[in-house]
file structure07.cif (mmCIF, C-alpha atoms)
data_structure
#
loop_
_atom_site.label_atom_id
_atom_site.label_comp_id
_atom_site.auth_asym_id
_atom_site.auth_seq_id
_atom_site.Cartn_x
_atom_site.Cartn_y
_atom_site.Cartn_z
CA MET A 1 12.70 -52.55 17.01
CA GLU A 2 12.03 -53.17 20.69
CA MET A 3 9.72 -56.07 21.49
CA LYS A 4 8.06 -57.14 24.73
CA ILE A 5 8.88 -60.80 25.30
CA ALA A 6 7.49 -62.77 28.24
CA VAL A 7 9.81 -65.57 29.38
CA LEU A 8 8.13 -68.27 31.44
CA GLY A 9 10.77 -69.95 33.55
CA GLY A 10 12.77 -66.77 33.14
CA THR A 11 14.73 -67.26 36.36
CA GLY A 12 16.07 -70.75 35.52
CA LEU A 13 19.33 -71.90 33.93
CA ILE A 14 18.31 -71.09 30.35
CA GLY A 15 15.61 -68.53 31.06
CA SER A 16 17.80 -66.16 33.05
CA GLN A 17 20.35 -66.12 30.22
CA VAL A 18 17.65 -65.57 27.59
CA VAL A 19 16.24 -62.63 29.58
CA ARG A 20 19.70 -61.09 29.87
CA LEU A 21 20.51 -61.55 26.17
CA LEU A 22 17.21 -60.05 25.05
CA GLY A 23 17.69 -57.12 27.40
CA GLU A 24 21.16 -56.49 25.99
CA GLN A 25 19.58 -56.36 22.52
CA GLY A 26 17.21 -53.63 23.69
CA HIS A 27 14.09 -55.72 24.16
CA ASP A 28 11.73 -55.66 27.13
CA ALA A 29 12.21 -59.22 28.39
CA GLU A 30 9.99 -60.05 31.36
CA PRO A 31 10.83 -63.14 33.44
CA LEU A 32 7.61 -64.79 34.63
CA SER A 33 7.78 -67.31 37.47
CA PRO A 34 6.18 -68.08 40.85
CA ALA A 35 8.68 -65.61 42.33
CA ASN A 36 6.75 -62.74 40.74
CA GLY A 37 3.28 -64.20 41.13
CA VAL A 38 2.87 -66.21 37.92
CA ASP A 39 1.75 -69.82 38.31
CA LEU A 40 1.59 -71.64 34.98
CA LEU A 41 -0.31 -74.59 36.44
CA THR A 42 -3.20 -72.51 37.76
CA GLY A 43 -2.86 -69.53 35.43
CA ALA A 44 -2.57 -67.11 38.34
CA GLY A 45 -0.91 -63.87 37.21
CA LEU A 46 -0.46 -65.11 33.66
CA ASP A 47 -2.80 -62.74 31.85
CA GLU A 48 -1.21 -59.77 33.58
CA GLY A 49 2.27 -61.05 32.75
CA LEU A 50 1.41 -61.52 29.07
CA LYS A 51 -0.36 -58.18 28.67
CA GLY A 52 1.26 -56.28 25.81
CA ALA A 53 3.70 -59.11 25.00
CA GLU A 54 4.38 -59.89 21.36
CA VAL A 55 6.15 -63.16 22.14
CA VAL A 56 5.90 -65.75 24.91
CA VAL A 57 8.83 -68.12 25.49
CA ASN A 58 8.10 -71.18 27.63
CA LEU A 59 11.23 -72.54 29.32
CA THR A 60 9.48 -74.17 32.28
CA ASN A 61 10.13 -77.82 33.03
CA SER A 62 8.30 -80.66 34.68
CA PRO A 63 9.35 -81.23 38.31
CA THR A 64 9.66 -84.95 37.54
CA PHE A 65 10.97 -87.02 34.63
CA ASP A 66 8.53 -89.90 35.09
CA GLU A 67 4.98 -90.79 34.12
CA LYS A 68 3.68 -87.65 35.85
CA SER A 69 5.41 -85.32 33.38
CA PRO A 70 2.83 -85.55 30.52
CA ALA A 71 0.11 -84.13 32.77
CA PHE A 72 2.37 -81.20 33.68
CA PHE A 73 3.07 -80.27 30.07
CA GLN A 74 -0.55 -80.75 28.99
CA GLN A 75 -1.89 -78.47 31.71
CA THR A 76 0.78 -75.78 31.47
CA MET A 77 0.62 -75.57 27.69
CA ASP A 78 -3.17 -75.39 27.68
CA THR A 79 -3.02 -72.62 30.28
CA MET A 80 -0.32 -70.68 28.46
CA LEU A 81 -1.92 -70.87 25.02
CA ALA A 82 -5.34 -69.81 26.31
CA ALA A 83 -3.85 -66.79 28.09
CA ALA A 84 -1.65 -65.93 25.09
CA GLN A 85 -4.69 -65.97 22.82
CA ARG A 86 -6.64 -63.72 25.20
CA GLN A 87 -3.77 -61.25 25.31
CA GLY A 88 -3.12 -61.22 21.56
CA VAL A 89 0.39 -62.71 21.72
CA GLY A 90 1.65 -63.37 18.19
CA HIS A 91 4.44 -65.92 18.67
CA ALA A 92 4.96 -68.81 21.13
CA VAL A 93 8.36 -70.49 21.53
CA ILE A 94 9.28 -73.63 23.48
CA LEU A 95 12.55 -75.45 24.13
CA SER A 96 12.60 -79.19 23.40
CA ILE A 97 15.13 -81.96 22.80
CA VAL A 98 16.93 -83.17 19.66
CA GLY A 99 15.60 -86.61 18.74
CA VAL A 100 12.76 -86.37 21.25
CA ASP A 101 10.25 -88.05 18.96
CA GLN A 102 12.49 -91.09 18.43
CA VAL A 103 12.71 -92.34 22.04
CA PRO A 104 9.30 -93.85 22.87
CA GLY A 105 10.74 -95.74 25.84
CA LEU A 106 11.25 -92.60 27.94
CA ASP A 107 8.26 -91.09 29.74
CA TYR A 108 9.87 -87.66 29.84
CA TYR A 109 10.59 -87.65 26.11
CA LYS A 110 7.00 -88.71 25.39
CA ALA A 111 5.89 -85.79 27.58
CA LYS A 112 8.03 -83.34 25.60
CA VAL A 113 6.55 -84.66 22.34
CA LEU A 114 3.13 -84.00 23.85
CA GLN A 115 4.21 -80.45 24.66
CA GLU A 116 5.31 -79.94 21.05
CA ASP A 117 2.05 -81.37 19.72
CA VAL A 118 -0.08 -79.12 21.95
CA LEU A 119 1.86 -76.10 20.71
CA LYS A 120 1.47 -77.09 17.05
CA ALA A 121 -2.28 -77.63 17.43
CA GLY A 122 -2.79 -74.38 19.33
CA PRO A 123 -4.02 -70.97 18.18
CA ILE A 124 -0.67 -69.11 18.36
CA PRO A 125 2.00 -69.08 15.58
CA TRP A 126 4.86 -71.10 16.98
CA SER A 127 8.54 -72.06 16.96
CA ILE A 128 10.29 -75.04 18.56
CA VAL A 129 13.98 -74.98 19.46
CA ARG A 130 15.36 -78.48 20.01
CA ALA A 131 18.72 -78.80 21.79
CA THR A 132 21.01 -81.67 22.63
CA GLN A 133 21.99 -82.34 26.26
CA PHE A 134 23.55 -79.47 28.25
CA PHE A 135 27.09 -79.61 29.63
CA GLU A 136 25.62 -78.39 32.93
CA PHE A 137 23.64 -81.63 33.34
CA VAL A 138 26.57 -84.04 32.95
CA ASN A 139 27.23 -84.31 36.69
CA ALA A 140 23.57 -85.09 37.32
CA VAL A 141 23.70 -87.86 34.72
CA LEU A 142 26.82 -89.28 36.39
CA SER A 143 25.11 -89.27 39.79
CA TRP A 144 22.17 -91.39 38.66
CA THR A 145 24.16 -94.63 38.37
CA SER A 146 27.24 -94.12 40.53
CA ASP A 147 28.67 -95.24 43.84
CA ALA A 148 31.89 -94.44 45.70
CA GLU A 149 34.08 -96.28 43.19
CA THR A 150 32.21 -96.70 39.90
CA VAL A 151 30.04 -94.78 37.46
CA ARG A 152 27.95 -96.93 35.12
CA LEU A 153 26.99 -95.35 31.80
CA PRO A 154 25.73 -96.61 28.44
CA ALA A 155 27.79 -95.97 25.30
CA THR A 156 24.99 -93.81 23.87
CA PRO A 157 26.29 -91.19 21.39
CA VAL A 158 25.57 -87.61 22.50
CA GLN A 159 26.51 -84.20 21.15
CA PRO A 160 26.21 -81.86 24.16
CA LEU A 161 26.41 -78.08 24.27
CA ALA A 162 26.75 -75.21 26.71
CA SER A 163 23.59 -73.67 28.12
CA ALA A 164 24.89 -70.25 27.04
CA ASP A 165 24.84 -71.41 23.42
CA ILE A 166 21.29 -72.72 23.58
CA ALA A 167 20.18 -69.51 25.29
CA ARG A 168 21.55 -67.54 22.33
CA ALA A 169 19.63 -69.76 19.91
CA VAL A 170 16.39 -69.37 21.87
CA ALA A 171 16.81 -65.59 22.03
CA GLN A 172 17.47 -65.42 18.29
CA VAL A 173 14.39 -67.48 17.40
CA SER A 174 12.26 -65.48 19.82
CA VAL A 175 12.83 -62.19 18.02
CA GLY A 176 12.29 -63.64 14.54
CA GLN A 177 9.19 -64.62 12.65
CA PRO A 178 7.41 -67.79 13.83
CA LEU A 179 9.11 -70.79 12.23
CA LEU A 180 6.08 -73.06 12.22
CA GLY A 181 8.84 -75.62 12.46
CA VAL A 182 11.85 -76.80 14.44
CA HIS A 183 15.30 -75.25 14.84
CA ASN A 184 17.83 -77.88 16.01
CA VAL A 185 20.96 -76.89 17.95
CA ALA A 186 23.87 -79.16 18.97
CA GLY A 187 27.40 -78.93 20.29
CA PRO A 188 30.55 -79.28 18.17
CA GLU A 189 31.64 -82.75 19.36
CA VAL A 190 30.14 -86.22 19.52
CA PHE A 191 30.98 -88.39 22.52
CA THR A 192 29.69 -91.69 23.74
CA LEU A 193 28.14 -91.05 27.15
CA ASP A 194 30.74 -93.18 28.93
CA GLU A 195 33.52 -91.21 27.22
CA LEU A 196 31.89 -87.93 28.25
CA GLY A 197 31.77 -89.20 31.81
CA ARG A 198 35.50 -90.02 31.80
CA VAL A 199 36.39 -86.55 30.50
CA ALA A 200 34.23 -84.90 33.18
CA LEU A 201 35.61 -87.00 36.04
CA GLN A 202 39.22 -86.44 34.96
CA ALA A 203 38.70 -82.67 34.79
CA GLN A 204 37.30 -82.70 38.32
CA GLY A 205 40.07 -84.88 39.73
CA ASP A 206 37.58 -87.67 40.41
CA SER A 207 39.26 -91.08 40.41
CA ARG A 208 36.13 -93.19 40.00
CA THR A 209 36.06 -95.67 37.13
CA VAL A 210 33.49 -95.43 34.33
CA VAL A 211 32.06 -98.79 33.31
CA ILE A 212 29.93 -99.28 30.20
CA ASP A 213 26.48 -100.55 31.15
CA PRO A 214 23.93 -100.55 28.29
CA THR A 215 21.02 -100.49 30.77
CA ALA A 216 22.25 -97.74 33.09
CA GLY A 217 20.25 -94.59 33.66
CA MET A 218 17.73 -92.72 31.59
CA PHE A 219 19.73 -92.90 28.35
CA GLY A 220 20.13 -96.67 28.36
CA VAL A 221 16.95 -97.03 26.28
CA VAL A 222 17.99 -94.52 23.61
CA PRO A 223 18.53 -96.23 20.25
CA GLY A 224 21.44 -95.45 17.93
CA ASP A 225 22.56 -91.88 17.43
CA VAL A 226 19.19 -90.10 17.80
CA LEU A 227 20.64 -87.70 20.40
CA THR A 228 23.21 -86.30 17.96
CA ALA A 229 22.72 -83.44 15.52
CA PRO A 230 20.45 -83.93 12.51
CA ALA A 231 21.73 -82.67 9.18
CA ASP A 232 19.99 -79.29 9.47
CA ALA A 233 21.22 -78.45 12.97
CA GLU A 234 23.02 -75.28 14.03
CA ILE A 235 26.39 -76.39 15.41
CA THR A 236 27.73 -74.30 18.28
CA THR A 237 31.41 -73.67 18.99
CA THR A 238 32.00 -74.18 22.74
CA THR A 239 33.77 -77.51 23.34
CA PHE A 240 33.21 -79.55 26.49
CA ARG A 241 36.84 -79.32 27.57
CA ASP A 242 36.88 -75.54 27.09
CA TRP A 243 33.68 -75.28 29.10
CA LEU A 244 35.11 -77.45 31.88
CA ALA A 245 38.24 -75.29 32.00
CA ALA A 246 36.13 -72.15 32.34
CA GLN A 247 34.35 -73.60 35.39
CA LYS A 248 37.56 -73.76 37.44
#
call {"tool": "encode", "arguments": {"input": "structure07.cif", "output": "structure tokens"}}
result
Amino acid sequence: MEMKIAVLGGTGLIGSQVVRLLGEQGHDAEPLSPANGVDLLTGAGLDEGLKGAEVVVNLTNSPTFDEKSPAFFQQTMDTMLAAAQRQGVGHAVILSIVGVDQVPGLDYYKAKVLQEDVLKAGPIPWSIVRATQFFEFVNAVLSWTSDAETVRLPATPVQPLASADIARAVAQVSVGQPLLGVHNVAGPEVFTLDELGRVALQAQGDSRTVVIDPTAGMFGVVPGDVLTAPADAEITTTTFRDWLAAQK
């Protein structure tokens, strides 16, 4: 049965793929973003965009990863939930991070926990999809603590996945009944972050050396294996090396 699904952040990396997948399944997936007059901070255009929608999927992200990010998620979630209630939307979905509630030392992770909590306390039946890190973000992670010769990375265990795989999971949850819970999704392989960096650099013909530095970058404060798949996670099939090969 065709559903109208509003996708906030529907022109981004994940959102554009979710919109395409839902359209291929015969649904009316509407990307909502500033490009078509929807501002989630102010609420401008939001009621019109949600009119007639059965589901709203929020894939927007804070423009910063620092102490300013909680205010972004608080305001945008409050705005979205109020508009969704006015328009009679029956299901709200957000994308979060595996292990997000176990890393209190990261401002951005605390902000994502806040986003989850606002959703849970809100008036709309809800679902949360938590994903591990995306393959597409590996180069950004490398750039945070690198120079011309060296990349410094902690040996934090990660279990990354392709954005295409998380988009499929989000699309699937969006057309189902509200979970009132969390659906975890992770990639098929566990790497330490320094090992992942070496694989990525080698594939790109980059001769820089990866050095283990427990304090380097955003993931230096992550304890243990909290960024790997919990026991109930959906495990995707695209490996990092296969994904890298497909980018060439």
call {"tool": "resolve_selection", "arguments": {"input": "structure07.cif", "expression": "the PyMOL selection byres ((chain A and resi 48-55) around 8)", "output": "number ranges by chain"}}
result
A: 3-6, 30, 32, 38, 45-47, 56-57, 83-84, 87-93, 174-175
call {"tool": "resolve_selection", "arguments": {"input": "structure07.cif", "expression": "the PyMOL selection byres ((chain A and resi 189) around 7)", "output": "JSON, numbers by chain"}}
result
{"A": [159, 187, 188, 190, 191, 239]}
call {"tool": "axis_aligned_box", "arguments": {"input": "structure07.cif", "around": "segment 213-231 of chain A", "padding_each_side": "3 Å", "output": "lines of an AutoDock Vina configuration file"}}
result
center_x = 21.7
center_y = -91.6
center_z = 21.4
size_x = 15.5
size_y = 23.9
size_z = 30.5
call {"tool": "atom_distance", "arguments": {"input": "structure07.cif", "atom1": "atom CA of Pro157 of chain A", "atom2": "atom CA of Val173 of chain A"}}
result
26.8 Å
call {"tool": "closest_residue", "arguments": {"input": "structure07.cif", "among": "A:Asp101, A:Asp194, A:Gln17, A:Ala111", "to": "Ser62 of chain A", "atoms": "only C-alpha atoms"}}
result
A:Ala111
call {"tool": "closest_atom_pairs", "arguments": {"input": "structure07.cif", "of": "segment 183-248 of chain A", "to": "segment 137-150 of chain A", "cutoff": "9 Å", "atoms": "all atoms listed in the file", "output": "tab-separated table"}}
result
residue	atom	partner	partner_atom	distance
A:Leu196	CA	A:Val138	CA	8.1
A:Gly197	CA	A:Leu142	CA	6.7
A:Ala200	CA	A:Val138	CA	7.7
A:Leu201	CA	A:Asn139	CA	8.8
A:Ser207	CA	A:Glu149	CA	7.8
A:Arg208	CA	A:Glu149	CA	4.9
A:Thr209	CA	A:Thr150	CA	4.9
A:Val210	CA	A:Thr150	CA	5.9
A:Val211	CA	A:Thr150	CA	6.9
A:Ala216	CA	A:Thr145	CA	6.4
A:Gly217	CA	A:Thr145	CA	6.1
A:Met218	CA	A:Val141	CA	8.3
call {"tool": "write_last_selection", "arguments": {"input": "structure07.cif", "atoms": "C-alpha atoms", "output": "short mmCIF file (atom, residue, chain, number, x, y, z; two decimals), in the frame of the given file"}}
result
data_model
loop_
_atom_site.label_atom_id
_atom_site.label_comp_id
_atom_site.auth_asym_id
_atom_site.auth_seq_id
_atom_site.Cartn_x
_atom_site.Cartn_y
_atom_site.Cartn_z
CA LEU A 196 31.89 -87.93 28.25
CA GLY A 197 31.77 -89.20 31.81
CA ALA A 200 34.23 -84.90 33.18
CA LEU A 201 35.61 -87.00 36.04
CA SER A 207 39.26 -91.08 40.41
CA ARG A 208 36.13 -93.19 40.00
CA THR A 209 36.06 -95.67 37.13
CA VAL A 210 33.49 -95.43 34.33
CA VAL A 211 32.06 -98.79 33.31
CA ALA A 216 22.25 -97.74 33.09
CA GLY A 217 20.25 -94.59 33.66
CA MET A 218 17.73 -92.72 31.59
#
call {"tool": "residues_around", "arguments": {"input": "structure07.cif", "residues": "Pro70 of chain A", "least_positions_apart": "4", "cutoff": "12 Å", "atoms": "only C-alpha atoms", "output": "list in words"}}
result
Asn61, Ser62, Pro63, Thr64, Phe65, Asp66, Gln74, Gln75, Thr76, Met77, Leu106, Asp107, Tyr108, Tyr109, Lys110, Ala111, Lys112, Val113, Leu114, Gln115, Glu116, Asp117 and Val118 of chain A
call {"tool": "atom_distance", "arguments": {"input": "structure07.cif", "atom1": "atom CA of Gly181 of chain A", "atom2": "atom CA of Gly220 of chain A"}}
result
28.7 Å
call {"tool": "resolve_selection", "arguments": {"input": "structure07.cif", "expression": "the PyMOL selection byres ((chain A and resi 164) around 12)", "output": "list in words"}}
result
Leu13, Ile14, Gly15, Ser16, Gln17, Val18, Val19, Arg20, Leu21, Ala131, Phe134, Phe135, Glu136, Leu161, Ala162, Ser163, Asp165, Ile166, Ala167, Arg168, Ala169, Val170, Ala171, Val185, Gly187, Thr236, Thr237, Thr238 and Trp243 of chain A
call {"tool": "build_atoms", "arguments": {"input": "structure07.cif", "residues": "segment 65-88 of chain A", "atoms": "N, CA, C and O atoms", "output": "tab-separated table (two decimals), in the coordinates of the input"}}
result
chain	number	residue	atom	x	y	z
A	65	PHE	N	10.65	-86.49	35.96
A	65	PHE	CA	10.97	-87.02	34.63
A	65	PHE	C	10.25	-88.35	34.38
A	65	PHE	O	10.64	-89.11	33.51
A	66	ASP	N	9.19	-88.60	35.15
A	66	ASP	CA	8.53	-89.90	35.09
A	66	ASP	C	7.16	-89.79	34.44
A	66	ASP	O	6.88	-88.85	33.69
A	67	GLU	N	6.29	-90.73	34.76
A	67	GLU	CA	4.98	-90.79	34.12
A	67	GLU	C	4.06	-89.62	34.51
A	67	GLU	O	2.99	-89.44	33.90
A	68	LYS	N	4.46	-88.82	35.47
A	68	LYS	CA	3.68	-87.65	35.85
A	68	LYS	C	3.95	-86.44	34.93
A	68	LYS	O	3.18	-85.48	34.93
A	69	SER	N	5.02	-86.49	34.17
A	69	SER	CA	5.41	-85.32	33.38
A	69	SER	C	4.44	-84.99	32.24
A	69	SER	O	4.25	-83.81	31.94
A	70	PRO	N	3.79	-85.95	31.57
A	70	PRO	CA	2.83	-85.55	30.52
A	70	PRO	C	1.71	-84.65	31.05
A	70	PRO	O	1.33	-83.68	30.38
A	71	ALA	N	1.19	-84.94	32.22
A	71	ALA	CA	0.11	-84.13	32.77
A	71	ALA	C	0.57	-82.70	33.03
A	71	ALA	O	-0.18	-81.74	32.80
A	72	PHE	N	1.83	-82.54	33.46
A	72	PHE	CA	2.37	-81.20	33.68
A	72	PHE	C	2.40	-80.41	32.38
A	72	PHE	O	1.93	-79.27	32.32
A	73	PHE	N	2.94	-81.01	31.33
A	73	PHE	CA	3.07	-80.27	30.07
A	73	PHE	C	1.70	-80.01	29.43
A	73	PHE	O	1.48	-78.97	28.83
A	74	GLN	N	0.78	-80.97	29.54
A	74	GLN	CA	-0.55	-80.75	28.99
A	74	GLN	C	-1.22	-79.55	29.67
A	74	GLN	O	-1.73	-78.64	28.99
A	75	GLN	N	-1.21	-79.53	31.00
A	75	GLN	CA	-1.89	-78.47	31.71
A	75	GLN	C	-1.23	-77.11	31.51
A	75	GLN	O	-1.90	-76.10	31.26
A	76	THR	N	0.10	-77.07	31.59
A	76	THR	CA	0.78	-75.78	31.47
A	76	THR	C	0.70	-75.21	30.07
A	76	THR	O	0.56	-74.00	29.89
A	77	MET	N	0.74	-76.07	29.06
A	77	MET	CA	0.62	-75.57	27.69
A	77	MET	C	-0.80	-75.08	27.41
A	77	MET	O	-0.99	-74.04	26.77
A	78	ASP	N	-1.79	-75.84	27.86
A	78	ASP	CA	-3.17	-75.39	27.68
A	78	ASP	C	-3.39	-74.03	28.33
A	78	ASP	O	-4.01	-73.13	27.75
A	79	THR	N	-2.86	-73.88	29.54
A	79	THR	CA	-3.02	-72.62	30.28
A	79	THR	C	-2.31	-71.48	29.57
A	79	THR	O	-2.86	-70.38	29.40
A	80	MET	N	-1.09	-71.73	29.12
A	80	MET	CA	-0.32	-70.68	28.46
A	80	MET	C	-0.96	-70.25	27.15
A	80	MET	O	-1.09	-69.05	26.87
A	81	LEU	N	-1.38	-71.21	26.33
A	81	LEU	CA	-1.92	-70.87	25.02
A	81	LEU	C	-3.25	-70.12	25.15
A	81	LEU	O	-3.52	-69.18	24.38
A	82	ALA	N	-4.07	-70.51	26.11
A	82	ALA	CA	-5.34	-69.81	26.31
A	82	ALA	C	-5.09	-68.36	26.72
A	82	ALA	O	-5.73	-67.43	26.20
A	83	ALA	N	-4.16	-68.16	27.64
A	83	ALA	CA	-3.85	-66.79	28.09
A	83	ALA	C	-3.20	-65.99	26.97
A	83	ALA	O	-3.51	-64.80	26.78
A	84	ALA	N	-2.31	-66.63	26.20
A	84	ALA	CA	-1.65	-65.93	25.09
A	84	ALA	C	-2.67	-65.50	24.04
A	84	ALA	O	-2.58	-64.38	23.49
A	85	GLN	N	-3.66	-66.34	23.78
A	85	GLN	CA	-4.69	-65.97	22.82
A	85	GLN	C	-5.52	-64.79	23.34
A	85	GLN	O	-5.81	-63.85	22.59
A	86	ARG	N	-5.87	-64.83	24.62
A	86	ARG	CA	-6.64	-63.72	25.20
A	86	ARG	C	-5.88	-62.41	25.11
A	86	ARG	O	-6.47	-61.34	24.90
A	87	GLN	N	-4.57	-62.47	25.26
A	87	GLN	CA	-3.77	-61.25	25.31
A	87	GLN	C	-3.21	-60.86	23.94
A	87	GLN	O	-2.46	-59.88	23.84
A	88	GLY	N	-3.54	-61.59	22.90
A	88	GLY	CA	-3.12	-61.22	21.56
A	88	GLY	C	-1.64	-61.44	21.27
A	88	GLY	O	-1.06	-60.76	20.40
